[in-house]
$ cat upload-v5.txt   # compact mmCIF, C-alpha atoms
# COMPACT_ATOMS: atom_id res chain seq x y z
CA MET A 1418 87.48 102.55 101.40
CA GLN A 1419 89.32 99.57 100.00
CA TYR A 1420 87.80 98.09 96.88
CA SER A 1421 87.80 94.31 96.51
CA ASN A 1422 87.89 92.45 93.22
CA VAL A 1423 87.09 89.05 94.71
CA GLU A 1424 83.72 88.87 92.96
CA ASN A 1425 85.39 89.66 89.60
CA LEU A 1426 88.02 86.91 89.77
CA SER A 1427 87.30 83.39 88.58
CA PRO A 1428 87.06 80.68 91.28
CA GLN A 1429 90.07 79.00 89.62
CA THR A 1430 92.18 82.16 89.99
CA ILE A 1431 91.14 82.58 93.63
CA ARG A 1432 92.06 78.95 94.39
CA GLN A 1433 95.43 79.34 92.68
CA VAL A 1434 96.25 82.55 94.59
CA MET A 1435 95.21 81.05 97.93
CA ARG A 1436 97.26 77.91 97.23
CA GLU A 1437 100.35 80.00 96.48
CA LEU A 1438 99.88 82.20 99.54
CA GLN A 1439 99.49 79.15 101.79
CA GLU A 1440 102.65 77.60 100.31
CA MET A 1441 104.56 80.83 101.06
CA GLU A 1442 103.16 80.88 104.58
CA THR A 1443 104.33 77.28 105.15
CA THR A 1444 107.74 77.69 103.46
CA PRO A 1445 108.42 81.43 103.22
CA PRO A 1446 111.03 82.74 100.78
CA GLU A 1447 114.09 84.11 102.59
CA GLY A 1448 113.39 87.54 104.07
CA ILE A 1449 109.72 87.59 103.00
CA LYS A 1450 106.69 86.98 105.23
CA VAL A 1451 103.29 86.93 103.54
CA LEU A 1452 100.24 88.25 105.43
CA ILE A 1453 97.09 86.48 104.28
CA ASN A 1454 93.81 88.38 104.25
CA GLU A 1455 91.27 85.53 104.34
CA SER A 1456 88.34 87.84 103.58
CA ASP A 1457 89.91 89.47 100.50
CA VAL A 1458 92.33 87.48 98.37
CA THR A 1459 92.82 90.49 96.09
CA ASP A 1460 94.55 92.34 98.96
CA ILE A 1461 97.95 90.69 99.40
CA GLN A 1462 100.45 92.11 101.87
CA ALA A 1463 103.92 90.96 102.85
CA LEU A 1464 106.81 92.04 105.07
CA ILE A 1465 110.17 92.21 103.29
CA ASP A 1466 113.44 92.38 105.23
CA GLY A 1467 115.81 95.07 103.98
CA PRO A 1468 118.71 93.15 102.38
CA ALA A 1469 122.11 93.26 104.12
CA GLY A 1470 124.69 95.52 102.50
CA THR A 1471 122.04 97.99 101.28
CA PRO A 1472 120.78 101.27 102.81
CA TYR A 1473 117.59 99.33 103.64
CA ALA A 1474 119.33 96.77 105.87
CA ALA A 1475 117.77 96.22 109.33
CA GLY A 1476 114.46 97.64 108.09
CA ILE A 1477 111.23 95.74 107.50
CA PHE A 1478 109.07 96.98 104.64
CA ARG A 1479 105.37 96.30 104.22
CA VAL A 1480 104.31 95.90 100.60
CA LYS A 1481 100.90 95.40 99.04
CA LEU A 1482 99.83 93.74 95.81
CA THR A 1483 96.39 94.50 94.41
CA LEU A 1484 94.98 92.02 91.91
CA ASN A 1485 92.71 93.49 89.26
CA LYS A 1486 89.78 91.70 87.62
CA ASP A 1487 91.90 90.56 84.64
CA PHE A 1488 94.59 88.90 86.77
CA PRO A 1489 96.62 86.87 85.82
CA GLN A 1490 96.33 88.12 82.24
CA THR A 1491 97.32 91.57 83.48
CA PRO A 1492 99.83 92.21 86.29
CA PRO A 1493 98.82 93.32 89.78
CA LYS A 1494 99.64 96.78 91.10
CA ALA A 1495 102.40 96.81 93.72
CA TYR A 1496 102.94 99.40 96.45
CA PHE A 1497 105.25 100.00 99.39
CA LEU A 1498 103.05 100.83 102.40
CA THR A 1499 106.21 101.65 104.37
CA LYS A 1500 107.75 104.99 103.36
CA ILE A 1501 110.96 104.43 101.43
CA PHE A 1502 113.48 106.52 99.48
CA HIS A 1503 114.07 104.52 96.30
CA PRO A 1504 114.32 105.42 92.59
CA ASN A 1505 111.61 102.95 91.56
CA VAL A 1506 109.04 103.87 94.21
CA ALA A 1507 106.71 106.84 93.70
CA ALA A 1508 105.55 109.21 96.44
CA ASN A 1509 102.30 107.19 96.79
CA GLY A 1510 104.33 103.98 97.20
CA GLU A 1511 103.67 102.61 93.70
CA ILE A 1512 106.48 100.34 92.47
CA CYS A 1513 107.86 100.52 88.93
CA VAL A 1514 109.47 97.27 87.83
CA ASN A 1515 109.49 95.63 84.37
CA THR A 1516 108.10 92.37 85.77
CA LEU A 1517 104.85 94.24 86.50
CA LYS A 1518 104.81 95.97 83.11
CA LYS A 1519 106.28 94.87 79.76
CA ASP A 1520 107.89 91.67 81.11
CA TRP A 1521 104.71 90.35 82.75
CA LYS A 1522 103.65 86.80 81.96
CA PRO A 1523 100.42 85.22 83.28
CA ASP A 1524 102.32 82.24 84.71
CA LEU A 1525 104.47 84.42 87.00
CA GLY A 1526 103.19 83.97 90.53
CA ILE A 1527 102.93 86.07 93.68
CA LYS A 1528 106.19 84.64 95.01
CA HIS A 1529 108.08 85.75 91.89
CA ILE A 1530 106.68 89.29 92.23
CA LEU A 1531 107.69 89.58 95.90
CA LEU A 1532 111.19 88.24 95.16
CA THR A 1533 111.50 90.77 92.32
CA ILE A 1534 110.56 93.60 94.70
CA LYS A 1535 113.17 92.38 97.18
CA CYS A 1536 115.78 92.32 94.38
CA LEU A 1537 114.84 95.91 93.56
CA LEU A 1538 116.05 96.88 97.05
CA ILE A 1539 119.44 95.35 96.20
CA VAL A 1540 119.71 96.63 92.62
CA PRO A 1541 117.61 99.77 91.97
CA ASN A 1542 117.01 100.75 88.34
CA PRO A 1543 117.51 104.52 87.99
CA GLU A 1544 116.74 104.30 84.25
CA SER A 1545 113.01 103.84 85.00
CA ALA A 1546 112.80 106.08 88.05
CA LEU A 1547 109.43 107.08 89.53
CA ASN A 1548 111.34 109.12 92.13
CA GLU A 1549 113.58 111.25 89.89
CA GLU A 1550 115.45 112.79 92.80
CA ALA A 1551 116.41 109.36 94.16
CA GLY A 1552 117.43 108.17 90.67
CA LYS A 1553 119.62 111.25 90.11
CA MET A 1554 121.25 110.94 93.53
CA LEU A 1555 121.90 107.22 93.01
CA LEU A 1556 123.75 107.93 89.76
CA GLU A 1557 125.57 111.14 90.72
CA ARG A 1558 125.98 111.18 94.53
CA TYR A 1559 125.66 107.62 95.79
CA ASP A 1560 126.83 108.47 99.34
CA ASP A 1561 124.09 111.11 99.69
CA TYR A 1562 121.52 108.69 98.27
CA SER A 1563 122.63 105.97 100.66
CA GLN A 1564 122.50 108.30 103.67
CA ARG A 1565 119.02 109.56 102.77
CA ALA A 1566 117.70 106.02 102.14
CA ARG A 1567 119.22 104.77 105.41
CA MET A 1568 117.69 107.67 107.35
CA MET A 1569 114.22 106.94 105.90
CA THR A 1570 114.69 103.26 106.80
CA GLU A 1571 115.60 104.13 110.39
CA ILE A 1572 112.60 106.46 110.75
CA HIS A 1573 109.90 104.46 108.97
CA ALA A 1574 110.97 100.82 108.60
CA GLN A 1575 111.65 99.71 112.15
CA PRO A 1576 110.26 96.21 112.89
CA ALA A 1577 107.72 97.40 115.48
CA LYS A 1578 106.29 100.03 113.10
CA CYS A 1579 106.08 97.86 110.01
CA ALA A 1580 104.67 94.85 111.77
CA ALA A 1581 102.01 96.87 113.57
CA GLY A 1582 98.67 95.27 112.95
CA ALA A 1583 100.33 92.00 111.94
CA ALA A 1584 99.85 90.49 115.42
CA GLY A 1585 103.52 90.62 116.31
CA ASP A 1586 104.67 88.99 113.08
CA SER A 1587 108.29 89.99 113.64
CA LYS A 1588 108.52 88.57 117.17
CA ASP A 1589 109.58 85.13 116.00
CA ASP A 1590 112.26 86.51 113.74
CA ASP A 1591 115.55 85.76 115.47
CA GLY A 1592 117.67 87.62 112.90
CA PRO A 1593 120.39 90.00 114.03
CA SER A 1594 118.33 93.12 113.26
CA THR A 1595 115.47 92.01 115.52
CA LYS A 1596 117.83 91.11 118.36
CA LYS A 1597 119.59 94.42 117.99
CA HIS A 1598 116.37 96.44 118.19
CA ALA A 1599 114.90 94.29 120.95
CA GLY A 1600 117.97 94.97 123.08
CA LEU A 1601 117.83 98.74 122.74
CA ASP A 1602 116.86 100.71 125.80
CA LYS A 1603 113.56 102.50 125.12
CA LYS A 1604 114.87 105.91 126.17
CA LEU A 1605 117.84 105.61 123.82
CA GLN A 1606 115.52 104.57 121.03
CA ASP A 1607 113.24 107.57 121.66
CA LYS A 1608 116.24 109.91 121.67
CA LYS A 1609 117.53 108.40 118.43
CA LYS A 1610 114.07 108.74 116.84
CA GLU A 1611 113.87 112.38 117.92
CA LYS A 1612 117.32 113.09 116.48
CA LEU A 1613 116.45 111.38 113.19
CA LEU A 1614 113.20 113.35 112.91
CA LYS A 1615 115.14 116.61 113.43
CA GLU A 1616 117.63 115.55 110.75
CA LYS A 1617 114.77 114.68 108.42
CA LYS A 1618 113.11 118.09 108.96
CA ARG A 1619 116.43 119.84 108.29
CA MET A 1620 116.93 117.85 105.10
CA LEU A 1621 113.38 118.51 103.90
CA LYS A 1622 113.85 122.26 104.49
CA ARG A 1623 116.87 122.20 102.19
CA LEU A 1624 114.95 120.52 99.36
$ encode --input "upload-v5.txt" --output "structure tokens"
Amino acid sequence: MQYSNVENLSPQTIRQVMRELQEMETTPPEGIKVLINESDVTDIQALIDGPAGTPYAAGIFRVKLTLNKDFPQTPPKAYFLTKIFHPNVAANGEICVNTLKKDWKPDLGIKHILLTIKCLLIVPNPESALNEEAGKMLLERYDDYSQRARMMTEIHAQPAKCAAGAAGDSKDDDGPSTKKHAGLDKKLQDKKKEKLLKEKKRMLKRL
């Protein structure tokens, strides 16, 4: 079902993108792990660690950038593949950030985009909300927003879930969140998951 634009990109653009992805694989930006799809350079995925001190902390979020045929003259589309409660992320996962719209410049690279998305987890922008409910809650009832975002993180952004299909990409991560989750007894984890799902259903009923 996925459509590839590889044949529409110039060889120069493909080389530049591959070079940047390989650089990020060798020296990854803090909290970002790029997942290279050798067969389709237009499909770029990465795992972003939820920043400490935010409702997304201890979560790992899979994001996807899709390069269109006019890249880099036009910005790529960016999506969260991991479900997230955030003012600037639509229900389908699409990300709204100025870097990918009016502030786009052709010389901005993949690394810059991924770092911008990570920054969005630290400082959401409710003024350009794609999720109006999240934007309103952030401005008017921050504690409720934080609780809802944290609950979604605990349900959907656990390392094992987000790294599924990435050949155990999070195994080598020796950060505190990975150690914490690795040490959890499976039964306790299942119970916690069940409780969170019940809470989620109750919250969704009230909406």
$ closest_residue --input "upload-v5.txt" --among "A:Leu1482, A:Ala1495, A:Met1568, A:Val1451" --to "Ile1465 of chain A" --atoms "all atoms listed in the file"
A:Val1451
$ closest_residue --input "upload-v5.txt" --among "A:Val1514, A:Leu1426, A:Met1569, A:Ala1475" --to "Val1540 of chain A" --atoms "all atoms listed in the file"
A:Val1514
$ closest_residue --input "upload-v5.txt" --among "A:Pro1504, A:Pro1445, A:Gly1510, A:Pro1472" --to "Asn1542 of chain A" --atoms "only C-alpha atoms"
A:Pro1504
$ atom_distance --input "upload-v5.txt" --atom1 "atom CA of Asp1561 of chain A" --atom2 "atom CA of Thr1499 of chain A"
20.8 Å
$ closest_residue --input "upload-v5.txt" --among "A:Ile1461, A:Leu1537, A:Ile1572, A:Leu1525" --to "Pro1489 of chain A" --atoms "only C-alpha atoms"
A:Leu1525
$ closest_residue --input "upload-v5.txt" --among "A:Leu1532, A:Thr1471, A:Lys1450, A:Glu1440" --to "Gln1564 of chain A" --atoms "only C-alpha atoms"
A:Thr1471
$ residues_around --input "upload-v5.txt" --residues "Asp1487 of chain A" --least-positions-apart "6" --cutoff "12 Å" --atoms "all atoms listed in the file" --output "list in words"
Asn1422, Val1423, Glu1424, Asn1425, Leu1426, Ser1427, Thr1430, Thr1459, Pro1493, Lys1494 and Pro1523 of chain A
$ build_atoms --input "upload-v5.txt" --residues "segment 1563-1574 of chain A" --atoms "all heavy atoms" --output "PDB file, keeping the file's coordinate frame"
ATOM      1  N   SER A1563     122.579 107.019  99.657  1.00  0.00           N
ATOM      2  CA  SER A1563     122.630 105.970 100.660  1.00  0.00           C
ATOM      3  C   SER A1563     122.259 106.505 102.043  1.00  0.00           C
ATOM      4  O   SER A1563     121.496 105.884 102.784  1.00  0.00           O
ATOM      5  CB  SER A1563     124.034 105.359 100.678  1.00  0.00           C
ATOM      6  OG  SER A1563     124.095 104.297 101.592  1.00  0.00           O
ATOM      7  N   GLN A1564     122.793 107.689 102.362  1.00  0.00           N
ATOM      8  CA  GLN A1564     122.500 108.300 103.670  1.00  0.00           C
ATOM      9  C   GLN A1564     121.020 108.633 103.811  1.00  0.00           C
ATOM     10  O   GLN A1564     120.403 108.363 104.848  1.00  0.00           O
ATOM     11  CB  GLN A1564     123.341 109.582 103.829  1.00  0.00           C
ATOM     12  CG  GLN A1564     123.188 110.243 105.188  1.00  0.00           C
ATOM     13  CD  GLN A1564     123.953 111.563 105.268  1.00  0.00           C
ATOM     14  OE1 GLN A1564     124.541 112.014 104.292  1.00  0.00           O
ATOM     15  NE2 GLN A1564     123.934 112.185 106.422  1.00  0.00           N
ATOM     16  N   ARG A1565     120.437 109.177 102.757  1.00  0.00           N
ATOM     17  CA  ARG A1565     119.020 109.560 102.770  1.00  0.00           C
ATOM     18  C   ARG A1565     118.137 108.298 102.895  1.00  0.00           C
ATOM     19  O   ARG A1565     117.186 108.262 103.677  1.00  0.00           O
ATOM     20  CB  ARG A1565     118.696 110.319 101.490  1.00  0.00           C
ATOM     21  CG  ARG A1565     117.246 110.718 101.321  1.00  0.00           C
ATOM     22  CD  ARG A1565     116.960 112.076 101.934  1.00  0.00           C
ATOM     23  NE  ARG A1565     115.666 112.539 101.474  1.00  0.00           N
ATOM     24  CZ  ARG A1565     115.482 113.282 100.389  1.00  0.00           C
ATOM     25  NH1 ARG A1565     116.519 113.682  99.675  1.00  0.00           N
ATOM     26  NH2 ARG A1565     114.279 113.663 100.028  1.00  0.00           N
ATOM     27  N   ALA A1566     118.477 107.260 102.104  1.00  0.00           N
ATOM     28  CA  ALA A1566     117.700 106.020 102.140  1.00  0.00           C
ATOM     29  C   ALA A1566     117.807 105.346 103.505  1.00  0.00           C
ATOM     30  O   ALA A1566     116.828 104.819 104.031  1.00  0.00           O
ATOM     31  CB  ALA A1566     118.176 105.068 101.040  1.00  0.00           C
ATOM     32  N   ARG A1567     119.013 105.393 104.093  1.00  0.00           N
ATOM     33  CA  ARG A1567     119.220 104.770 105.410  1.00  0.00           C
ATOM     34  C   ARG A1567     118.431 105.524 106.478  1.00  0.00           C
ATOM     35  O   ARG A1567     117.839 104.922 107.373  1.00  0.00           O
ATOM     36  CB  ARG A1567     120.719 104.787 105.748  1.00  0.00           C
ATOM     37  CG  ARG A1567     121.082 103.826 106.884  1.00  0.00           C
ATOM     38  CD  ARG A1567     122.582 103.799 107.150  1.00  0.00           C
ATOM     39  NE  ARG A1567     123.317 103.301 106.002  1.00  0.00           N
ATOM     40  CZ  ARG A1567     124.189 104.029 105.288  1.00  0.00           C
ATOM     41  NH1 ARG A1567     124.427 105.276 105.625  1.00  0.00           N
ATOM     42  NH2 ARG A1567     124.817 103.508 104.274  1.00  0.00           N
ATOM     43  N   MET A1568     118.423 106.858 106.374  1.00  0.00           N
ATOM     44  CA  MET A1568     117.690 107.670 107.350  1.00  0.00           C
ATOM     45  C   MET A1568     116.186 107.367 107.287  1.00  0.00           C
ATOM     46  O   MET A1568     115.535 107.191 108.321  1.00  0.00           O
ATOM     47  CB  MET A1568     117.942 109.150 107.095  1.00  0.00           C
ATOM     48  CG  MET A1568     117.341 110.065 108.157  1.00  0.00           C
ATOM     49  SD  MET A1568     117.699 111.798 107.840  1.00  0.00           S
ATOM     50  CE  MET A1568     116.519 112.142 106.548  1.00  0.00           C
ATOM     51  N   MET A1569     115.646 107.267 106.061  1.00  0.00           N
ATOM     52  CA  MET A1569     114.220 106.940 105.900  1.00  0.00           C
ATOM     53  C   MET A1569     113.921 105.550 106.459  1.00  0.00           C
ATOM     54  O   MET A1569     112.880 105.323 107.067  1.00  0.00           O
ATOM     55  CB  MET A1569     113.844 106.994 104.413  1.00  0.00           C
ATOM     56  CG  MET A1569     113.813 108.388 103.842  1.00  0.00           C
ATOM     57  SD  MET A1569     112.336 109.322 104.336  1.00  0.00           S
ATOM     58  CE  MET A1569     111.132 108.646 103.196  1.00  0.00           C
ATOM     59  N   THR A1570     114.857 104.625 106.273  1.00  0.00           N
ATOM     60  CA  THR A1570     114.690 103.260 106.800  1.00  0.00           C
ATOM     61  C   THR A1570     114.636 103.295 108.318  1.00  0.00           C
ATOM     62  O   THR A1570     113.786 102.655 108.939  1.00  0.00           O
ATOM     63  CB  THR A1570     115.850 102.352 106.325  1.00  0.00           C
ATOM     64  OG1 THR A1570     115.820 102.278 104.896  1.00  0.00           O
ATOM     65  CG2 THR A1570     115.721 100.949 106.896  1.00  0.00           C
ATOM     66  N   GLU A1571     115.548 104.071 108.928  1.00  0.00           N
ATOM     67  CA  GLU A1571     115.600 104.130 110.390  1.00  0.00           C
ATOM     68  C   GLU A1571     114.356 104.796 110.977  1.00  0.00           C
ATOM     69  O   GLU A1571     113.896 104.443 112.056  1.00  0.00           O
ATOM     70  CB  GLU A1571     116.865 104.871 110.842  1.00  0.00           C
ATOM     71  CG  GLU A1571     118.123 104.040 110.621  1.00  0.00           C
ATOM     72  CD  GLU A1571     119.395 104.776 110.991  1.00  0.00           C
ATOM     73  OE1 GLU A1571     119.319 105.961 111.390  1.00  0.00           O
ATOM     74  OE2 GLU A1571     120.471 104.176 110.881  1.00  0.00           O
ATOM     75  N   ILE A1572     113.791 105.754 110.245  1.00  0.00           N
ATOM     76  CA  ILE A1572     112.600 106.460 110.750  1.00  0.00           C
ATOM     77  C   ILE A1572     111.325 105.634 110.532  1.00  0.00           C
ATOM     78  O   ILE A1572     110.493 105.514 111.424  1.00  0.00           O
ATOM     79  CB  ILE A1572     112.448 107.838 110.068  1.00  0.00           C
ATOM     80  CG1 ILE A1572     113.583 108.768 110.499  1.00  0.00           C
ATOM     81  CG2 ILE A1572     111.101 108.479 110.430  1.00  0.00           C
ATOM     82  CD1 ILE A1572     113.644 110.069 109.718  1.00  0.00           C
ATOM     83  N   HIS A1573     111.191 105.049 109.347  1.00  0.00           N
ATOM     84  CA  HIS A1573     109.900 104.460 108.970  1.00  0.00           C
ATOM     85  C   HIS A1573     109.847 102.927 108.943  1.00  0.00           C
ATOM     86  O   HIS A1573     108.757 102.363 108.962  1.00  0.00           O
ATOM     87  CB  HIS A1573     109.476 104.967 107.587  1.00  0.00           C
ATOM     88  CG  HIS A1573     109.267 106.436 107.529  1.00  0.00           C
ATOM     89  ND1 HIS A1573     108.214 107.072 108.149  1.00  0.00           N
ATOM     90  CD2 HIS A1573     110.006 107.424 106.939  1.00  0.00           C
ATOM     91  CE1 HIS A1573     108.298 108.378 107.938  1.00  0.00           C
ATOM     92  NE2 HIS A1573     109.366 108.614 107.211  1.00  0.00           N
ATOM     93  N   ALA A1574     111.000 102.264 108.851  1.00  0.00           N
ATOM     94  CA  ALA A1574     110.970 100.820 108.600  1.00  0.00           C
ATOM     95  C   ALA A1574     111.454  99.979 109.777  1.00  0.00           C
ATOM     96  O   ALA A1574     111.969  98.887 109.582  1.00  0.00           O
ATOM     97  CB  ALA A1574     111.795 100.489 107.347  1.00  0.00           C
TER      98      ALA A1574
END
